[in-house]
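Since the structure comes first, as C-alpha cells, the remarks are kept for the end.
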Amino acid sequence: MLFELKNVFHTYLRGTPFASEALHGLSLSIPEQQTIALVGPTKAGKSTVVDLLAGLIKPAPGTVFFEGNDIAAKDFDMQRIRTSVGVVFQSPEAQIFEETVGKDVSFGPRLKKVPLAESRRLVQESLEAVGLPYEDFRTRYTYALSGGQKRRVAIAGVLALQPKVIIFDEPAAGLDPRGRRELLALINTLRQRHSMTIIYVSSGLDDVIEIADVIHILYHGKVAFSGTPREILAHAEELAAMDIALPEATQIALSLRDIIPNMRTDVLTLDELEHEVVQMQSILPRKSL
Amino acid sequence: MIELSRNVTFGQYINNGSALSRMDPRTKIFCAILLIALTSIVSHFSAFALCLLFCIALQRSSRISTAYVLGSFRPFIGFLIFIFFIEVLFFQNPPHTPLLWHWWILSISTLGIITSILTIIRVLFLYYLVSMLTFTTSLVDLTDGSEALLAPLQRIGIPISALVMVMVIAFKFVPIFVTEVERLMKAQTARGVRFDQGNFIQRTMKIAPLMVPLFISGFKRASVLSTAMEARCYGNHKGWQRSKRRELHFERFDAIVLISTVSFCIVTLLVNFFVPI
C-alpha cells in the first residue's frame with residue numbers, strides 16, 4: 001500500500017477564533033499503480049488531503065503511513081514523500097515563474113543538482129510526454145503561451161522531478177472540452193506508459209468516471225463511500241444530495257426514475273443508458289411510458 | 001511552515017457580538033487614540049498599573065480569549081528584547097550618573113534600564129491597543145469611523161474619502177496576498193524547494209522566485225479591481241458624492257465609554273504627575 005490514512009483529523013488555524021475543521025476522522029488507502037479519484041463538494045476537505053499526501057502538512061491527530069512507514073515517526077524524512085509525490089495544483093499555470101519554457105521545466109532538476117545532460121534529457125522527455133515538441137517549445141517565452149499550453153508546461157515541470165505518484169488537483173477546471181479530453185488522455189498515458197500512481201481530485205464525477213479505478217467520495221472531512229465507478233454511480237441519489245456533479249448519462253437515468261422507478265443509475269456511457277432504457281421498455285407495459 | 005496565515009493574526013476582526021465590537025467606530029477610534037496618547041505621555045509605574053487595570057477591563061468586555069491575544073505578541077518578543085538591550089547599552093547617560101558597567105561607548109546604568117523598561121511597556125501597550133481596536137472593529141467600521149473623524153480635513157481640500165478608499169484596498173489585499181504566497185510556496189515545495197532549510201541568506205534567496213508570480217497576480221488583481229470600480233462609476237466627477245447604506249449612530253453606551261475613557265485619562269495623568277516616586 002502506497003498511502004494509508006487512518007482516522008485523520010486536521011483543523012486550520014487551530015487555537016484561534018478562526019479555527020475550522022477540514023478533516024474529521026478520514027480513513028483512506030491508496031494502492032500503487034492505480035488511478036484513484038477523490039471526489040467531493042467544496043469544503044469536503046479535498047485540498048487538505050492533497051496537502052497531506054504531498055507531505056506539506058502533518059495530521060493531528062491521526063496516522064498517515066507512506067509505504068508502510070508512519071510519517072509522524074522521528075526518523076521519517078518528509079523529503080521522501082516530497083520526492084516521490086508530484087503535485088499539479090489548481091490552475092498550475094499561475095505558478096510558472098521562469099521566463100522560458102525550458103528554464104521553467106528544468107527548475108526542479110536544477111534544484112536537485114541533476115547533471116546538465118541528464119537534466120536536458122528529463123526536460124525533453126517531460127515536454128514530449130505532455131505533447132509539446134521540445135525543440136519548438138524549449139526557448140519559447142512562458143507568458144506568450146496559451147492557457148492550455150501553460151497548464152501542460154506546469155505538468156511537465158512536475159514530471160521532470162520523476163515522481164512515482166502524481167496528484168492532480170482539479171486539473172480540468174477552466175479548460176475547454178478539447179483541452180479536457182487531451183488532459184484525460186495525457187493522464188491515461190502517464191499511468192499506462194510510465195506506470196505511475198495517479199490521484200485525481202475533482203468536484204464532479206464527469207472527468208473521473210472514465211479513468212478512475214477506484215473513486216472515494218469525500219463529504220464533511222470523511223470518506224462517505226468508495227468503490228469502482230459503477231458502484232459509485234449506483235448511489236446517484238445520495239451523490240446528487242451532496243451536490244456532486246453527475247455524468248450526463250447518470251443524470252438522465254436519475255431523472256428517468258420518475259417514470260421508471262427501478263431504473264439503474266450505474267450507467268457509464270450514453271450507449272449503455274440507451275440499452276438500459278430499451279430493456280426497461282420491453283419489461284414495462286406500454287401505457288406507463 | 002506552510003500554514004502562514006496561522007501566524008498572521010494582527011488585525012483580524014473577530015465578530016463575537018461583544019459590546020466593544022458593537023459600539024460606534026468613531027467613539028472607539030477616538031478612545032483608542034486617547035489611550036495611545038496617554039500611554040506615551042505617562043512615565044510613572046503607578047500610572048502604567050492603572051492602564052493595565054483598564055486594559056484588563058477592556059479585555060474582559062471584548063470576550064476574546066486572553067491566551068489568543070497574548071499569543072499574538074509572540075512574534076514581537078525577540079525583537080523587543082533586542083531593542084531593550086540596544087537601548088540599555090547605548091543610553092545617553094547624563095554626566096555624573098553612577099554606572100553599573102562600562103566598556104568603550106557601551107554602558108549600563110539604573111536610569112538607562114528604567115527608561116528602556118518604560119519604552120518597552122509603551123510599545124506593548126501600543127501594540128495591545130491597536131490590535132484590540134482591529135480585533136473588535138470590522139474593516140467597514142474602521143473606514144467609516146476614520147472617514148467621519150477625518151472629515152473636517154476635507155474642507156481644506158484633502159481628498160479624505162479617496163485616501164480612506166486606498167487604505168481599505170490596501171488592507172483588503174493583505175489576506176489575499178498571504179493566501180497567494182501560501183499557494184506559491186506549496187507549489188514550489190512540490191517542485192523541490194525547501195523553505196525550512198538553510199541559513200538566513202539561503203532562505204531569503206528562496207523567497208525571490210515567489211516575487212515574480214506574486215507581483216504578476218497582484219497587478220492583475222489591481223487592474224481587474226479598477227475596472228470593476230469604474231464599471232460602478234467610482235470616480236471624482238463633479239458633484240459626485242457617495243451615500244452610505246449604514247449610518248453611524250452615537251448611542252448612550254458610546255457616551256458612557258467616552259466619558260469613562262476621558263475621566264480615566266485625566267485620573268491617570270493626575271496620578272502620573274502628582275504621586276511622588
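Starting from 1 in every chain, residues are counted up; chains themselves are A, B, ... following the order of the C-alpha cells, and ligands are numbered from 1 as listed.
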### Query
Which polymer residues have any atom within 12 Å of an atom of segment 232-235 of chain A, counting only C-alpha atoms, with same-chain residues fewer than 3 positions away left out, as a PyMOL selection string?
chain A and resi 37-39+205-206+208-209+212-217+224-229+238-242+244-251+253-254+262-269
Residues within 7 Å of Ala154 of chain A, only C-alpha atoms, excluding chain neighbours under 5 positions, as an mmCIF file with N, CA and C atoms, in the first residue's frame:
data_model
loop_
_atom_site.group_PDB
_atom_site.id
_atom_site.type_symbol
_atom_site.label_atom_id
_atom_site.label_comp_id
_atom_site.auth_asym_id
_atom_site.auth_seq_id
_atom_site.Cartn_x
_atom_site.Cartn_y
_atom_site.Cartn_z
ATOM 1 N N PRO A 92 -2.412 25.439 -12.336
ATOM 2 C CA PRO A 92 -0.958 25.415 -12.175
ATOM 3 C C PRO A 92 -0.260 26.443 -13.044
ATOM 4 N N GLU A 93 -0.960 26.951 -14.070
ATOM 5 C CA GLU A 93 -0.306 27.910 -14.968
ATOM 6 C C GLU A 93 0.061 29.199 -14.236
ATOM 7 N N ILE A 96 3.924 29.387 -12.884
ATOM 8 C CA ILE A 96 5.120 29.419 -13.731
ATOM 9 C C ILE A 96 5.852 30.724 -13.449
#
Open item on the list: I'd like the neighbourhood of Val275 of chain B as a PyMOL selection string, where a residue qualifies if any of its atoms comes within 10 Å (using only C-alpha atoms), though same-chain residues fewer than 3 positions away should be ignored.
Closed with: chain B and resi 44+46-47+269-272
_Within 12 Å of chain A: residues of chain B, using only C-alpha atoms, as a PyMOL selection string_ = chain B and resi 1-10+12-16+63-72+135+180-197+206+208-218+220
TODO: Find the residue from A:Ala22, A:Gly204, A:Pro59, A:Leu53 that sits nearest to Arg80 of chain A; use only C-alpha atoms when measuring.
DONE: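 Nearest to Arg80 of chain A: A:Leu53.
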As number ranges by chain, list the residues of segment 143-215 of chain A assigned to strand (DSSP E or B) by DSSP on the backbone atoms of this structure.
A: 165-169, 197-202, 204, 214-215
Written selection (C-alpha atoms) as a tab-separated table (two decimals), in the first residue's frame:
chain	number	residue	atom	x	y	z
A	165	VAL	CA	2.84	9.36	-7.72
A	166	ILE	CA	1.24	12.39	-9.27
A	167	ILE	CA	-1.65	14.27	-7.72
A	168	PHE	CA	-3.88	16.36	-9.95
A	169	ASP	CA	-5.98	18.88	-8.04
A	197	THR	CA	0.05	6.15	-9.49
A	198	ILE	CA	-2.46	8.87	-10.25
A	199	ILE	CA	-4.55	10.66	-7.65
A	200	TYR	CA	-7.19	12.76	-9.30
A	201	VAL	CA	-9.07	15.29	-7.20
A	202	SER	CA	-12.28	16.72	-8.57
A	204	GLY	CA	-17.54	16.36	-10.18
A	214	VAL	CA	-11.45	3.46	-7.53
A	215	ILE	CA	-13.42	6.54	-6.53
re atom CA of Leu149 of chain B and atom CA of Lys28 of chain B: distance 10.9 Å
Report task. Would you list, as a ChimeraX atom specification, the residues of segment 18-227 of chain B that end up in alpha helix (DSSP H) under DSSP run on this structure's backbone? Result -> /B:19-22,25-41,45-62,66-71,74-89,110-136,139-154,160-190,200-227
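Within 7 Å of segment 238-254 of chain B, once only C-alpha atoms are used and residues closer than 4 positions along the same chain are dropped, the contacting residues are B:Met23, B:Asp24, B:Thr27, B:Leu258.
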Those residues with N, CA and C atoms, as a compact mmCIF listing (two decimals), in the first residue's frame please?
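Result file follows (selection-v4.txt):
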# COMPACT_ATOMS: atom_id res chain seq x y z
N MET B 23 -20.03 48.81 19.42
CA MET B 23 -20.11 50.25 19.62
C MET B 23 -19.72 51.06 18.39
N ASP B 24 -20.08 52.33 18.44
CA ASP B 24 -19.82 53.24 17.32
C ASP B 24 -18.32 53.32 17.02
N THR B 27 -16.37 56.57 18.14
CA THR B 27 -16.02 56.64 19.56
C THR B 27 -14.85 55.71 19.85
N LEU B 258 -17.10 56.97 26.26
CA LEU B 258 -16.31 58.18 26.02
C LEU B 258 -16.01 58.90 27.33
Between atom CA of Leu20 of chain B and atom CA of Leu58 of chain B lies a distance of 8.3 Å
Would you mind listing what lies within 12 Å of Trp101 of chain B as an mmCIF file with N, CA and C atoms, in the first residue's frame, with only C-alpha atoms counted and same-chain residues fewer than 2 positions away left out?
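What ended up in selection12.cif:
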data_model
loop_
_atom_site.group_PDB
_atom_site.id
_atom_site.type_symbol
_atom_site.label_atom_id
_atom_site.label_comp_id
_atom_site.auth_asym_id
_atom_site.auth_seq_id
_atom_site.Cartn_x
_atom_site.Cartn_y
_atom_site.Cartn_z
ATOM 1 N N VAL B 88 19.444 49.934 26.388
ATOM 2 C CA VAL B 88 20.191 49.989 27.651
ATOM 3 C C VAL B 88 21.655 50.307 27.379
ATOM 4 N N LEU B 89 22.228 49.618 26.385
ATOM 5 C CA LEU B 89 23.666 49.757 26.154
ATOM 6 C C LEU B 89 24.038 51.128 25.595
ATOM 7 N N THR B 97 26.276 60.246 36.331
ATOM 8 C CA THR B 97 25.366 59.181 36.794
ATOM 9 C C THR B 97 26.233 57.981 37.158
ATOM 10 N N PRO B 98 25.885 57.336 38.268
ATOM 11 C CA PRO B 98 26.665 56.153 38.648
ATOM 12 C C PRO B 98 26.450 55.043 37.606
ATOM 13 N N LEU B 99 27.537 54.488 37.068
ATOM 14 C CA LEU B 99 27.424 53.431 36.061
ATOM 15 C C LEU B 99 27.632 52.070 36.723
ATOM 16 N N TRP B 103 32.107 49.942 29.138
ATOM 17 C CA TRP B 103 33.150 49.487 28.220
ATOM 18 C C TRP B 103 33.028 50.270 26.937
ATOM 19 N N TRP B 104 34.095 50.932 26.503
ATOM 20 C CA TRP B 104 34.121 51.730 25.290
ATOM 21 C C TRP B 104 32.927 52.692 25.289
ATOM 22 N N ILE B 105 32.001 52.670 24.258
ATOM 23 C CA ILE B 105 30.873 53.592 24.327
ATOM 24 C C ILE B 105 29.650 52.926 24.958
ATOM 25 N N LEU B 106 29.805 51.672 25.365
ATOM 26 C CA LEU B 106 28.672 50.958 25.945
ATOM 27 C C LEU B 106 28.681 51.120 27.455
ATOM 28 N N SER B 107 27.473 51.321 28.023
ATOM 29 C CA SER B 107 27.415 51.432 29.474
ATOM 30 C C SER B 107 26.044 50.982 29.959
ATOM 31 N N ILE B 108 25.998 50.542 31.204
ATOM 32 C CA ILE B 108 24.722 50.169 31.807
ATOM 33 C C ILE B 108 24.543 50.998 33.061
ATOM 34 N N SER B 109 23.373 51.671 33.168
ATOM 35 C CA SER B 109 23.090 52.419 34.398
ATOM 36 C C SER B 109 21.655 52.120 34.818
ATOM 37 N N THR B 110 21.347 52.353 36.087
ATOM 38 C CA THR B 110 19.988 52.106 36.576
ATOM 39 C C THR B 110 18.990 52.962 35.807
ATOM 40 N N GLY B 112 19.216 54.101 32.796
ATOM 41 C CA GLY B 112 19.064 53.554 31.449
ATOM 42 C C GLY B 112 18.116 52.372 31.454
ATOM 43 N N ILE B 113 18.280 51.491 32.425
ATOM 44 C CA ILE B 113 17.424 50.300 32.494
ATOM 45 C C ILE B 113 15.969 50.713 32.681
#
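Comparing A:Arg120, A:Lys6, A:Arg191, A:Arg178 by their smallest distance to Thr35 of chain A, the closest is A:Arg191 (using only C-alpha atoms).
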Shortest contact to Ser18 of chain B, candidates B:Leu34, B:Thr136, B:Phe76, B:Leu111, atoms counted only C-alpha atoms, goes to B:Thr136
